[in-house]
file input_24.txt (compact mmCIF, C-alpha atoms and all ligand atoms)
# COMPACT_ATOMS: atom_id res chain seq x y z
CA MET A 1 -10.83 -29.63 15.09
CA ARG A 2 -11.12 -29.50 11.33
CA LEU A 3 -8.11 -29.28 9.05
CA LEU A 4 -8.56 -27.68 5.66
CA CYS A 5 -6.66 -27.87 2.37
CA LYS A 6 -6.77 -24.51 0.64
CA HIS A 7 -5.70 -26.13 -2.62
CA CYS A 8 -8.41 -28.75 -3.22
CA GLY A 9 -10.95 -27.82 -0.54
CA CYS A 10 -10.79 -31.19 1.28
CA SER A 11 -11.21 -31.19 5.03
CA TYR A 12 -10.28 -33.67 7.75
CA ASP A 13 -11.43 -34.17 11.32
CA THR A 14 -8.62 -34.59 13.88
CA GLU A 15 -10.95 -36.80 15.95
CA LYS A 16 -10.82 -39.34 13.11
CA ASP A 17 -7.36 -38.52 11.67
CA PRO A 18 -5.31 -37.21 14.61
CA PHE A 19 -1.96 -37.73 12.89
CA ILE A 20 -2.69 -36.44 9.40
CA TRP A 21 -0.21 -33.74 8.36
CA ARG A 22 -0.72 -33.44 4.60
CA CYS A 23 -3.75 -33.47 2.33
CA ALA A 24 -4.28 -36.48 0.08
CA CYS A 25 -3.74 -34.08 -2.84
CA GLY A 26 -0.19 -33.39 -1.60
CA TYR A 27 -0.73 -29.84 -0.35
CA SER A 28 -0.50 -28.50 3.18
CA LEU A 29 -3.32 -28.48 5.72
CA TRP A 30 -4.49 -25.56 7.85
CA ALA A 31 -6.28 -25.72 11.19
CA ASP A 32 -9.80 -24.33 10.85
CA TYR A 33 -9.30 -22.36 14.00
CA SER A 34 -9.46 -18.66 14.72
CA ALA A 35 -9.64 -17.14 18.18
CA THR A 36 -11.55 -14.18 19.50
CA PHE A 37 -9.22 -12.57 22.01
CA ARG A 38 -9.61 -9.51 24.21
CA LYS A 39 -7.16 -7.74 26.47
CA SER A 40 -9.11 -9.11 29.45
CA ASP A 41 -8.36 -12.67 28.25
CA ILE A 42 -4.66 -12.32 29.09
CA ARG A 43 -3.63 -14.60 31.97
CA ARG A 44 -1.78 -11.89 33.85
CA GLU A 45 -0.17 -14.28 36.32
CA ASP A 46 1.53 -16.24 33.50
CA LEU A 47 4.80 -14.78 32.21
CA SER A 48 5.12 -16.89 29.08
CA MET A 49 3.35 -17.24 25.72
CA TRP A 50 0.68 -19.18 27.64
CA ARG A 51 -0.71 -15.90 28.97
CA TYR A 52 -2.53 -15.79 25.60
CA ASP A 53 -3.65 -19.42 25.65
CA LYS A 54 -7.23 -18.54 24.73
CA ALA A 55 -5.80 -17.83 21.27
CA TYR A 56 -4.40 -21.34 20.76
CA PRO A 57 -6.14 -24.64 19.99
CA ILE A 58 -4.09 -26.17 22.85
CA LYS A 59 -4.84 -24.56 26.22
CA LYS A 60 -2.53 -24.12 29.18
CA THR A 61 -4.33 -26.92 31.03
CA ASP A 62 -3.43 -29.27 28.12
CA VAL A 63 0.28 -28.47 28.38
CA SER A 64 2.59 -30.77 30.31
CA VAL A 65 5.76 -30.07 28.29
CA SER A 66 6.96 -26.48 28.60
CA PHE A 67 10.08 -24.46 29.32
CA GLY A 68 7.99 -21.34 30.02
CA GLU A 69 8.65 -20.24 26.44
CA GLY A 70 7.70 -16.84 25.06
CA LEU A 71 7.71 -13.21 26.18
CA SER A 72 11.05 -12.57 24.49
CA PRO A 73 12.11 -8.91 24.75
CA LEU A 74 10.98 -6.31 22.25
CA ALA A 75 14.04 -4.08 21.96
CA SER A 76 14.15 -0.61 20.46
CA ILE A 77 17.21 0.19 18.33
CA CYS A 78 18.24 2.76 15.75
CA TRP A 79 18.76 1.35 12.23
CA MET A 80 19.84 3.66 9.40
CA GLY A 81 18.52 6.59 11.38
CA ARG A 82 15.13 4.95 11.97
CA ASN A 83 13.57 3.57 15.11
CA LEU A 84 13.23 -0.17 14.84
CA LEU A 85 11.64 -2.65 17.23
CA VAL A 86 13.39 -6.01 17.36
CA LYS A 87 11.53 -9.08 18.59
CA MET A 88 14.41 -10.98 20.15
CA ASP A 89 13.35 -14.57 19.58
CA HIS A 90 16.98 -15.67 19.69
CA LEU A 91 16.37 -15.63 23.46
CA MET A 92 13.78 -18.40 23.39
CA PRO A 93 14.54 -21.64 25.37
CA THR A 94 16.43 -23.32 22.50
CA GLY A 95 17.59 -20.07 20.90
CA SER A 96 15.06 -19.77 18.11
CA PHE A 97 11.45 -18.74 17.39
CA LYS A 98 10.70 -22.36 16.50
CA ASP A 99 9.94 -23.11 20.17
CA ARG A 100 6.64 -21.23 19.76
CA GLY A 101 5.31 -23.78 17.27
CA VAL A 102 7.12 -26.85 18.55
CA VAL A 103 5.62 -26.56 22.05
CA ILE A 104 2.12 -26.73 20.54
CA VAL A 105 2.87 -29.70 18.28
CA ILE A 106 4.75 -31.69 20.93
CA ASN A 107 2.01 -31.24 23.52
CA TYR A 108 -0.64 -32.17 20.95
CA LEU A 109 1.25 -35.39 20.11
CA LYS A 110 2.09 -36.14 23.75
CA ASN A 111 -1.59 -35.89 24.67
CA LEU A 112 -2.31 -38.48 21.97
CA GLY A 113 0.14 -40.88 23.60
CA VAL A 114 2.96 -40.45 21.09
CA THR A 115 6.35 -41.62 22.40
CA ALA A 116 8.59 -41.06 19.34
CA ILE A 117 8.79 -38.35 16.68
CA THR A 118 10.63 -37.76 13.40
CA GLU A 119 11.40 -34.28 12.07
CA ASP A 120 13.38 -32.68 9.26
CA SER A 121 14.94 -29.29 9.69
CA SER A 122 17.71 -26.99 8.58
CA GLY A 123 18.74 -26.87 12.23
CA ASN A 124 16.65 -24.61 14.47
CA ALA A 125 13.53 -26.75 14.46
CA ALA A 126 15.78 -29.79 14.90
CA ALA A 127 17.16 -28.41 18.14
CA SER A 128 13.76 -27.24 19.29
CA ASN A 129 12.02 -30.56 18.63
CA ALA A 130 14.90 -32.44 20.25
CA ALA A 131 14.68 -30.32 23.41
CA TYR A 132 10.91 -30.58 23.79
CA ALA A 133 10.99 -34.30 22.96
CA ALA A 134 13.63 -34.75 25.66
CA LEU A 135 11.46 -32.95 28.20
CA ALA A 136 8.47 -35.03 27.08
CA GLY A 137 10.42 -38.30 27.35
CA MET A 138 9.95 -38.98 23.64
CA ASP A 139 12.47 -40.57 21.28
CA CYS A 140 13.47 -38.10 18.60
CA SER A 141 14.90 -38.73 15.15
CA ILE A 142 16.04 -35.69 13.17
CA PHE A 143 17.02 -35.38 9.51
CA VAL A 144 19.18 -32.36 8.63
CA PRO A 145 21.05 -31.24 5.52
CA SER A 146 24.74 -32.16 5.64
CA GLY A 147 26.70 -28.98 6.28
CA THR A 148 24.23 -27.67 8.88
CA SER A 149 25.92 -25.36 11.41
CA GLN A 150 27.88 -27.34 13.99
CA GLY A 151 26.25 -25.39 16.81
CA LYS A 152 22.80 -26.57 15.81
CA LEU A 153 23.99 -30.19 15.43
CA ALA A 154 25.78 -30.19 18.78
CA GLN A 155 22.70 -28.74 20.45
CA THR A 156 20.40 -31.34 18.87
CA ARG A 157 22.70 -34.20 19.85
CA MET A 158 23.08 -32.87 23.39
CA TYR A 159 19.30 -33.15 23.78
CA GLY A 160 19.66 -36.83 22.95
CA ALA A 161 18.17 -36.91 19.47
CA GLN A 162 19.38 -39.23 16.73
CA VAL A 163 20.71 -36.98 13.96
CA HIS A 164 20.79 -38.11 10.33
CA GLU A 165 22.71 -35.85 7.95
CA VAL A 166 21.39 -36.05 4.39
CA LYS A 167 23.31 -34.92 1.31
CA GLY A 168 21.31 -32.95 -1.21
CA SER A 169 18.65 -30.27 -1.15
CA ARG A 170 16.47 -29.33 1.80
CA ASP A 171 13.57 -30.97 -0.05
CA MET A 172 15.49 -34.25 -0.19
CA VAL A 173 16.03 -34.03 3.57
CA ALA A 174 12.28 -33.73 4.13
CA LYS A 175 11.67 -36.71 1.82
CA ALA A 176 14.23 -38.80 3.70
CA ALA A 177 12.51 -38.03 7.01
CA GLN A 178 9.05 -38.80 5.65
CA GLU A 179 10.25 -42.15 4.25
CA ASN A 180 11.91 -43.19 7.51
CA ILE A 181 9.23 -42.49 10.08
CA GLY A 182 9.12 -46.11 11.27
CA ASN A 183 7.08 -46.42 14.46
CA SER A 184 7.32 -42.72 15.26
CA ARG A 185 5.00 -39.86 14.30
CA TYR A 186 6.01 -37.16 11.83
CA ALA A 187 6.34 -33.77 13.53
CA GLY A 188 7.67 -31.86 10.49
CA HIS A 189 7.23 -28.21 11.43
CA ASN A 190 6.85 -27.07 7.82
CA TRP A 191 3.88 -29.38 7.41
CA HIS A 192 2.21 -29.81 10.78
CA PRO A 193 -0.99 -27.71 10.72
CA LEU A 194 -0.71 -26.76 14.40
CA PHE A 195 2.79 -25.28 14.16
CA VAL A 196 1.66 -21.83 12.96
CA GLN A 197 -0.96 -21.80 15.71
CA GLY A 198 2.02 -21.49 18.06
CA THR A 199 4.01 -18.95 16.06
CA LYS A 200 0.92 -16.72 16.35
CA SER A 201 2.10 -16.00 19.89
CA ALA A 202 4.74 -13.53 18.63
CA ALA A 203 1.96 -11.24 17.37
CA TYR A 204 0.18 -11.30 20.72
CA GLU A 205 3.42 -10.47 22.53
CA ILE A 206 4.32 -7.64 20.15
CA TRP A 207 0.80 -6.26 20.60
CA GLU A 208 1.05 -6.19 24.39
CA GLN A 209 4.71 -5.09 24.55
CA ASN A 210 3.92 -2.29 22.13
CA GLY A 211 1.20 -0.81 24.32
CA PHE A 212 -1.59 -2.95 22.84
CA ARG A 213 -1.02 -1.61 19.34
CA ALA A 214 -0.12 -3.27 16.04
CA PRO A 215 3.04 -1.96 14.39
CA ASP A 216 2.78 -0.48 10.90
CA ASN A 217 5.13 -3.08 9.44
CA VAL A 218 6.43 -6.55 10.29
CA VAL A 219 9.60 -7.68 8.51
CA CYS A 220 10.83 -11.25 8.77
CA PRO A 221 12.93 -13.84 6.98
CA VAL A 222 10.86 -16.27 4.91
CA GLY A 223 11.80 -19.83 4.07
CA ASN A 224 8.65 -21.80 4.58
CA GLY A 225 6.99 -18.76 6.11
CA SER A 226 5.88 -20.06 9.52
CA MET A 227 7.04 -16.86 11.25
CA LEU A 228 5.27 -14.59 8.77
CA ILE A 229 2.11 -16.73 8.69
CA GLY A 230 1.98 -16.87 12.50
CA ALA A 231 2.37 -13.11 12.87
CA TYR A 232 -0.33 -12.57 10.24
CA LEU A 233 -2.76 -14.99 11.92
CA GLY A 234 -2.19 -13.43 15.34
CA PHE A 235 -2.71 -9.84 14.21
CA LYS A 236 -5.70 -10.91 12.11
CA GLU A 237 -7.35 -12.41 15.20
CA LEU A 238 -6.64 -9.22 17.15
CA LEU A 239 -8.09 -7.15 14.31
CA ASN A 240 -11.22 -9.31 14.12
CA SER A 241 -11.54 -9.05 17.91
CA GLY A 242 -11.41 -5.26 17.73
CA GLU A 243 -8.15 -5.06 19.71
CA VAL A 244 -6.06 -3.43 16.97
CA ALA A 245 -7.20 -0.84 14.46
CA LYS A 246 -5.42 -2.23 11.40
CA MET A 247 -3.22 -5.02 10.10
CA PRO A 248 0.52 -4.40 9.86
CA ARG A 249 1.98 -4.64 6.38
CA MET A 250 3.78 -8.00 6.19
CA PHE A 251 7.19 -7.97 4.48
CA GLY A 252 8.86 -11.30 3.77
CA VAL A 253 12.54 -11.35 2.88
CA GLN A 254 14.42 -14.16 1.17
CA SER A 255 17.96 -14.79 0.02
CA ALA A 256 18.36 -13.96 -3.67
CA ASN A 257 20.14 -17.31 -3.98
CA CYS A 258 17.00 -19.22 -2.97
CA ASN A 259 13.93 -17.11 -3.63
CA THR A 260 10.99 -19.17 -4.84
CA ILE A 261 8.35 -17.16 -2.95
CA HIS A 262 9.88 -13.88 -4.12
CA ARG A 263 9.64 -15.14 -7.69
CA VAL A 264 6.04 -16.25 -7.39
CA PHE A 265 5.11 -12.94 -5.74
CA HIS A 266 6.58 -11.03 -8.68
CA GLY A 267 5.26 -13.39 -11.35
CA LEU A 268 8.74 -14.65 -12.29
CA SER A 269 9.61 -18.16 -13.43
CA VAL A 270 10.30 -20.59 -10.60
CA ASP A 271 12.33 -22.79 -12.91
CA TYR A 272 15.75 -21.84 -11.57
CA SER A 273 18.72 -23.38 -9.83
CA PRO A 274 19.00 -22.28 -6.21
CA ALA A 275 22.51 -21.44 -5.06
CA PRO A 276 24.00 -21.91 -1.59
CA THR A 277 23.26 -19.13 0.86
CA VAL A 278 24.66 -18.13 4.23
CA ALA A 279 21.00 -17.93 5.32
CA GLU A 280 20.70 -21.69 5.83
CA GLY A 281 17.44 -21.43 7.78
CA ILE A 282 15.51 -20.26 4.72
CA SER A 283 17.26 -22.30 2.05
CA LEU A 284 14.12 -23.97 0.71
CA TYR A 285 13.56 -24.43 -3.00
CA ARG A 286 10.02 -25.75 -2.66
CA PRO A 287 8.22 -24.09 0.26
CA VAL A 288 4.96 -25.92 0.99
CA LYS A 289 2.79 -22.82 1.54
CA THR A 290 4.00 -20.52 -1.23
CA ASP A 291 0.60 -19.51 -2.60
CA GLU A 292 -0.84 -18.81 0.83
CA ILE A 293 2.16 -16.64 1.80
CA VAL A 294 1.91 -14.62 -1.41
CA GLN A 295 -1.80 -14.10 -0.72
CA ILE A 296 -1.13 -12.95 2.87
CA VAL A 297 1.53 -10.49 1.81
CA LYS A 298 -0.67 -9.03 -0.93
CA GLU A 299 -3.67 -8.77 1.40
CA THR A 300 -1.65 -6.63 3.83
CA SER A 301 -0.10 -4.47 1.05
CA GLY A 302 3.37 -5.79 1.90
CA SER A 303 5.92 -7.37 -0.40
CA VAL A 304 8.44 -10.17 -0.76
CA ASP A 305 11.97 -9.07 -1.47
CA ALA A 306 15.19 -11.02 -2.01
CA VAL A 307 18.58 -9.76 -0.83
CA SER A 308 22.10 -10.65 -1.93
CA GLU A 309 24.69 -12.54 0.11
CA ASN A 310 26.66 -9.31 0.54
CA GLU A 311 23.61 -7.48 1.85
CA ILE A 312 22.96 -10.32 4.32
CA ILE A 313 26.54 -10.30 5.59
CA ASP A 314 26.60 -6.49 5.86
CA ALA A 315 23.33 -6.55 7.81
CA LEU A 316 24.68 -9.31 10.08
CA LYS A 317 27.71 -7.19 10.92
CA SER A 318 25.60 -4.05 11.40
CA ALA A 319 23.28 -5.96 13.75
CA GLY A 320 26.33 -7.10 15.70
CA LYS A 321 27.41 -3.49 16.12
CA LYS A 322 23.98 -2.82 17.63
CA GLY A 323 24.57 -5.58 20.19
CA LEU A 324 22.58 -8.26 18.39
CA TYR A 325 24.36 -11.59 17.88
CA ILE A 326 21.98 -13.27 15.45
CA GLU A 327 22.19 -16.08 12.93
CA PRO A 328 22.76 -15.04 9.29
CA THR A 329 19.18 -16.07 8.45
CA SER A 330 17.90 -13.36 10.78
CA ALA A 331 20.15 -10.78 9.12
CA VAL A 332 18.11 -11.27 5.94
CA ALA A 333 15.23 -9.39 7.60
CA PHE A 334 17.49 -6.49 8.60
CA ALA A 335 18.83 -6.33 5.04
CA GLY A 336 15.24 -6.26 3.82
CA PHE A 337 14.39 -3.43 6.21
CA SER A 338 17.38 -1.45 4.88
CA ARG A 339 15.97 -1.81 1.38
CA LEU A 340 12.52 -0.69 2.50
CA ILE A 341 14.11 2.46 3.91
CA LEU A 342 16.17 3.12 0.77
CA GLN A 343 13.13 2.55 -1.44
CA ASN A 344 11.00 4.88 0.72
CA VAL A 345 8.51 2.07 1.29
CA VAL A 346 8.55 2.75 5.03
CA SER A 347 8.35 6.34 6.16
CA GLU A 348 10.13 7.92 9.10
CA ASN A 349 7.17 7.98 11.46
CA GLU A 350 6.11 4.37 10.90
CA MET A 351 6.66 1.68 13.50
CA THR A 352 8.39 -1.44 12.18
CA VAL A 353 9.17 -4.74 13.92
CA VAL A 354 11.85 -7.13 12.72
CA ILE A 355 11.53 -10.63 14.16
CA VAL A 356 14.80 -12.46 14.85
CA SER A 357 14.74 -16.14 13.94
CA ALA A 358 17.66 -17.46 15.99
CA SER A 359 20.84 -16.83 17.94
CA GLY A 360 24.24 -16.30 16.37
CA LEU A 361 25.61 -18.76 18.93
CA LYS A 362 24.16 -21.59 16.83
CA ALA A 363 26.07 -20.46 13.75
CA THR A 364 29.38 -19.38 15.27
CA ASP A 365 31.37 -21.70 12.98
CA LYS A 366 29.86 -19.96 9.94
CA ILE A 367 29.99 -16.45 11.38
CA LEU A 368 33.72 -16.89 12.11
CA THR A 369 34.32 -17.29 8.38
CA LEU A 370 32.60 -13.95 7.70
CA LEU A 371 34.61 -11.79 10.10
ZN ZN A 401 -5.89 -30.94 -0.86
call {"tool": "encode", "arguments": {"input": "input_24.txt", "output": "structure tokens"}}
result
Amino acid sequence: MRLLCKHCGCSYDTEKDPFIWRCACGYSLWADYSATFRKSDIRREDLSMWRYDKAYPIKKTDVSVSFGEGLSPLASICWMGRNLLVKMDHLMPTGSFKDRGVVIVINYLKNLGVTAITEDSSGNAAASNAAYAALAGMDCSIFVPSGTSQGKLAQTRMYGAQVHEVKGSRDMVAKAAQENIGNSRYAGHNWHPLFVQGTKSAAYEIWEQNGFRAPDNVVCPVGNGSMLIGAYLGFKELLNSGEVAKMPRMFGVQSANCNTIHRVFHGLSVDYSPAPTVAEGISLYRPVKTDEIVQIVKETSGSVDAVSENEIIDALKSAGKKGLYIEPTSAVAFAGFSRLILQNVVSENEMTVVIVSASGLKATDKILTLL
């Protein structure tokens, strides 16, 4: 498989460089891989994300490490008087959407004989990598920001990973992980080019669960954008395969306290001081795929918005009253959807999907302070 840098145009061959995760120029790498997928390609006997394995660079026959991830429910709720479909990825094996990408990366590394990995995360990817590494029999070393929700830390430690809490920004956490890889391999989900090949699976599931149609709009929280990028790539493949008639508009939502992509999208200065946010999962000052995300959102006629802490907390509580116990990061997307309604960006007869990033059970210590 070839890996491409969209910044400088360099490409790499995974046969020669199986462990490369960043271009020599410092920018991120993308797998030069796009599937053609038809309804008849679904493995109907498989009730997991692997029923769409023709869409991934790793096939079901290559997978030895799996919890049967995927096929999370697509619930229909009423939000501000509108019908809303909710992709409930808080019900994935480790309680977050990250399992979709991690299962691809871990199996890729396992098949190369890797026995130890290092990862940095704000918490969800930490738990996910730790769980899949445990199942794979790999050693796992995780770097997290100090102050990460106790639920995520307890979960990661329960899976047997070594957890290193790092003081400072999320970017400093990533740097600490990359400088302390030792004899392991770096599995950083924000960087690894195969991660978004797994998060594509959410688009395939939404397509099938929605009667083999694309929704009009997809709304999701955006930190480093792997959920938004995956959904875009999946629907793009379905469009190119003739299985959906149009692309959904992609709407990314950030916290106003940490909103680099929002600023770039709107042509604002990115020279700012990020402030703490209750949405810890998207608290990234320097996302590694900012330009690509902005391009995706513009291509689909979507937008990137940024919501206040009060809007996030209000949306979290409103989601709870709909029976959804989600982490505050996920509430960012619901707050964004509320704005889209108020701004008449989405009309009454449009079909919108909000993707949930993770379970509220991971952030109970923080949610308790908001009640
Ligand atoms: Zn490059």
call {"tool": "residues_around", "arguments": {"input": "input_24.txt", "residues": "Lys298 in chain A", "least_positions_apart": "5", "cutoff": "9 Å", "atoms": "all atoms listed in the file", "output": "short mmCIF file (atom, residue, chain, number, x, y, z; two decimals) with C-alpha atoms, keeping the file's coordinate frame"}}
result
data_model
loop_
_atom_site.label_atom_id
_atom_site.label_comp_id
_atom_site.auth_asym_id
_atom_site.auth_seq_id
_atom_site.Cartn_x
_atom_site.Cartn_y
_atom_site.Cartn_z
CA ARG A 249 1.98 -4.64 6.38
CA MET A 250 3.78 -8.00 6.19
CA PHE A 265 5.11 -12.94 -5.74
CA ILE A 293 2.16 -16.64 1.80
CA SER A 303 5.92 -7.37 -0.40
#
call {"tool": "residues_near_point", "arguments": {"input": "input_24.txt", "point": "(17.0, -23.2, -9.3)", "cutoff": "10 Å", "atoms": "only C-alpha atoms", "output": "ChimeraX atom specification"}}
result
/A:257-260,269-275,285-286
call {"tool": "residues_around", "arguments": {"input": "input_24.txt", "residues": "Thr148 in chain A", "least_positions_apart": "3", "cutoff": "12 Å", "atoms": "all atoms listed in the file", "output": "mmCIF file with C-alpha atoms, in the coordinates of the input"}}
result
data_model
loop_
_atom_site.group_PDB
_atom_site.id
_atom_site.type_symbol
_atom_site.label_atom_id
_atom_site.label_comp_id
_atom_site.auth_asym_id
_atom_site.auth_seq_id
_atom_site.Cartn_x
_atom_site.Cartn_y
_atom_site.Cartn_z
ATOM 1 C CA ASP A 120 13.380 -32.680 9.260
ATOM 2 C CA SER A 121 14.940 -29.290 9.690
ATOM 3 C CA SER A 122 17.710 -26.990 8.580
ATOM 4 C CA GLY A 123 18.740 -26.870 12.230
ATOM 5 C CA ASN A 124 16.650 -24.610 14.470
ATOM 6 C CA ALA A 126 15.780 -29.790 14.900
ATOM 7 C CA ALA A 127 17.160 -28.410 18.140
ATOM 8 C CA PHE A 143 17.020 -35.380 9.510
ATOM 9 C CA VAL A 144 19.180 -32.360 8.630
ATOM 10 C CA PRO A 145 21.050 -31.240 5.520
ATOM 11 C CA GLY A 151 26.250 -25.390 16.810
ATOM 12 C CA LYS A 152 22.800 -26.570 15.810
ATOM 13 C CA LEU A 153 23.990 -30.190 15.430
ATOM 14 C CA ALA A 154 25.780 -30.190 18.780
ATOM 15 C CA GLN A 155 22.700 -28.740 20.450
ATOM 16 C CA THR A 156 20.400 -31.340 18.870
ATOM 17 C CA VAL A 163 20.710 -36.980 13.960
ATOM 18 C CA HIS A 164 20.790 -38.110 10.330
ATOM 19 C CA GLU A 165 22.710 -35.850 7.950
ATOM 20 C CA VAL A 166 21.390 -36.050 4.390
ATOM 21 C CA LYS A 167 23.310 -34.920 1.310
ATOM 22 C CA GLY A 168 21.310 -32.950 -1.210
ATOM 23 C CA SER A 169 18.650 -30.270 -1.150
ATOM 24 C CA ARG A 170 16.470 -29.330 1.800
ATOM 25 C CA VAL A 173 16.030 -34.030 3.570
ATOM 26 C CA PRO A 276 24.000 -21.910 -1.590
ATOM 27 C CA THR A 277 23.260 -19.130 0.860
ATOM 28 C CA VAL A 278 24.660 -18.130 4.230
ATOM 29 C CA ALA A 279 21.000 -17.930 5.320
ATOM 30 C CA GLU A 280 20.700 -21.690 5.830
ATOM 31 C CA GLY A 281 17.440 -21.430 7.780
ATOM 32 C CA SER A 283 17.260 -22.300 2.050
ATOM 33 C CA LYS A 362 24.160 -21.590 16.830
ATOM 34 C CA ALA A 363 26.070 -20.460 13.750
ATOM 35 C CA THR A 364 29.380 -19.380 15.270
ATOM 36 C CA ASP A 365 31.370 -21.700 12.980
ATOM 37 C CA LYS A 366 29.860 -19.960 9.940
#
call {"tool": "atom_distance", "arguments": {"input": "input_24.txt", "atom1": "CA of Gly234 in chain A", "atom2": "CA of Glu119 in chain A"}}
result
25.1 Å
call {"tool": "closest_atom_pairs", "arguments": {"input": "input_24.txt", "of": "range 300-327 of chain A", "to": "range 214-220 of chain A", "cutoff": "12 Å", "atoms": "all atoms listed in the file", "output": "JSON lines"}}
result
{"residue": "A:Thr300", "atom": "CA", "partner": "A:Asn217", "partner_atom": "CA", "distance": 9.5}
{"residue": "A:Ser301", "atom": "CA", "partner": "A:Asn217", "partner_atom": "CA", "distance": 10.0}
{"residue": "A:Gly302", "atom": "CA", "partner": "A:Asn217", "partner_atom": "CA", "distance": 8.2}
{"residue": "A:Ser303", "atom": "CA", "partner": "A:Val219", "partner_atom": "CA", "distance": 9.6}
{"residue": "A:Val304", "atom": "CA", "partner": "A:Val219", "partner_atom": "CA", "distance": 9.7}
{"residue": "A:Asp305", "atom": "CA", "partner": "A:Val219", "partner_atom": "CA", "distance": 10.4}
{"residue": "A:Ala306", "atom": "CA", "partner": "A:Cys220", "partner_atom": "CA", "distance": 11.6}
call {"tool": "closest_atom_pairs", "arguments": {"input": "input_24.txt", "of": "chain A", "to": "ligand ZN 401 (chain A)", "cutoff": "6 Å", "atoms": "all atoms listed in the file", "output": "tab-separated table"}}
result
residue	atom	partner	partner_atom	distance
A:Cys5	CA	A:ZN401	ZN	4.5
A:His7	CA	A:ZN401	ZN	5.1
A:Cys8	CA	A:ZN401	ZN	4.1
A:Gly9	CA	A:ZN401	ZN	6.0
A:Cys10	CA	A:ZN401	ZN	5.4
A:Cys23	CA	A:ZN401	ZN	4.6
A:Ala24	CA	A:ZN401	ZN	5.8
A:Cys25	CA	A:ZN401	ZN	4.3
A:Tyr27	CA	A:ZN401	ZN	5.3
call {"tool": "residues_around", "arguments": {"input": "input_24.txt", "residues": "Gly188 in chain A", "least_positions_apart": "4", "cutoff": "10 Å", "atoms": "all atoms listed in the file", "output": "compact mmCIF listing (two decimals) with C-alpha atoms, in the frame of the given file"}}
result
# COMPACT_ATOMS: atom_id res chain seq x y z
CA TRP A 21 -0.21 -33.74 8.36
CA VAL A 102 7.12 -26.85 18.55
CA VAL A 105 2.87 -29.70 18.28
CA ILE A 117 8.79 -38.35 16.68
CA THR A 118 10.63 -37.76 13.40
CA GLU A 119 11.40 -34.28 12.07
CA ASP A 120 13.38 -32.68 9.26
CA SER A 121 14.94 -29.29 9.69
CA ALA A 125 13.53 -26.75 14.46
CA ALA A 126 15.78 -29.79 14.90
CA ASN A 129 12.02 -30.56 18.63
CA ILE A 142 16.04 -35.69 13.17
CA ALA A 174 12.28 -33.73 4.13
CA ALA A 177 12.51 -38.03 7.01
CA GLN A 178 9.05 -38.80 5.65
CA HIS A 192 2.21 -29.81 10.78
CA PRO A 193 -0.99 -27.71 10.72
CA PHE A 195 2.79 -25.28 14.16
call {"tool": "closest_residue", "arguments": {"input": "input_24.txt", "among": "A:His262, A:Lys175, A:Arg38, A:Arg185", "to": "Tyr52 in chain A", "atoms": "only C-alpha atoms"}}
result
A:Arg38
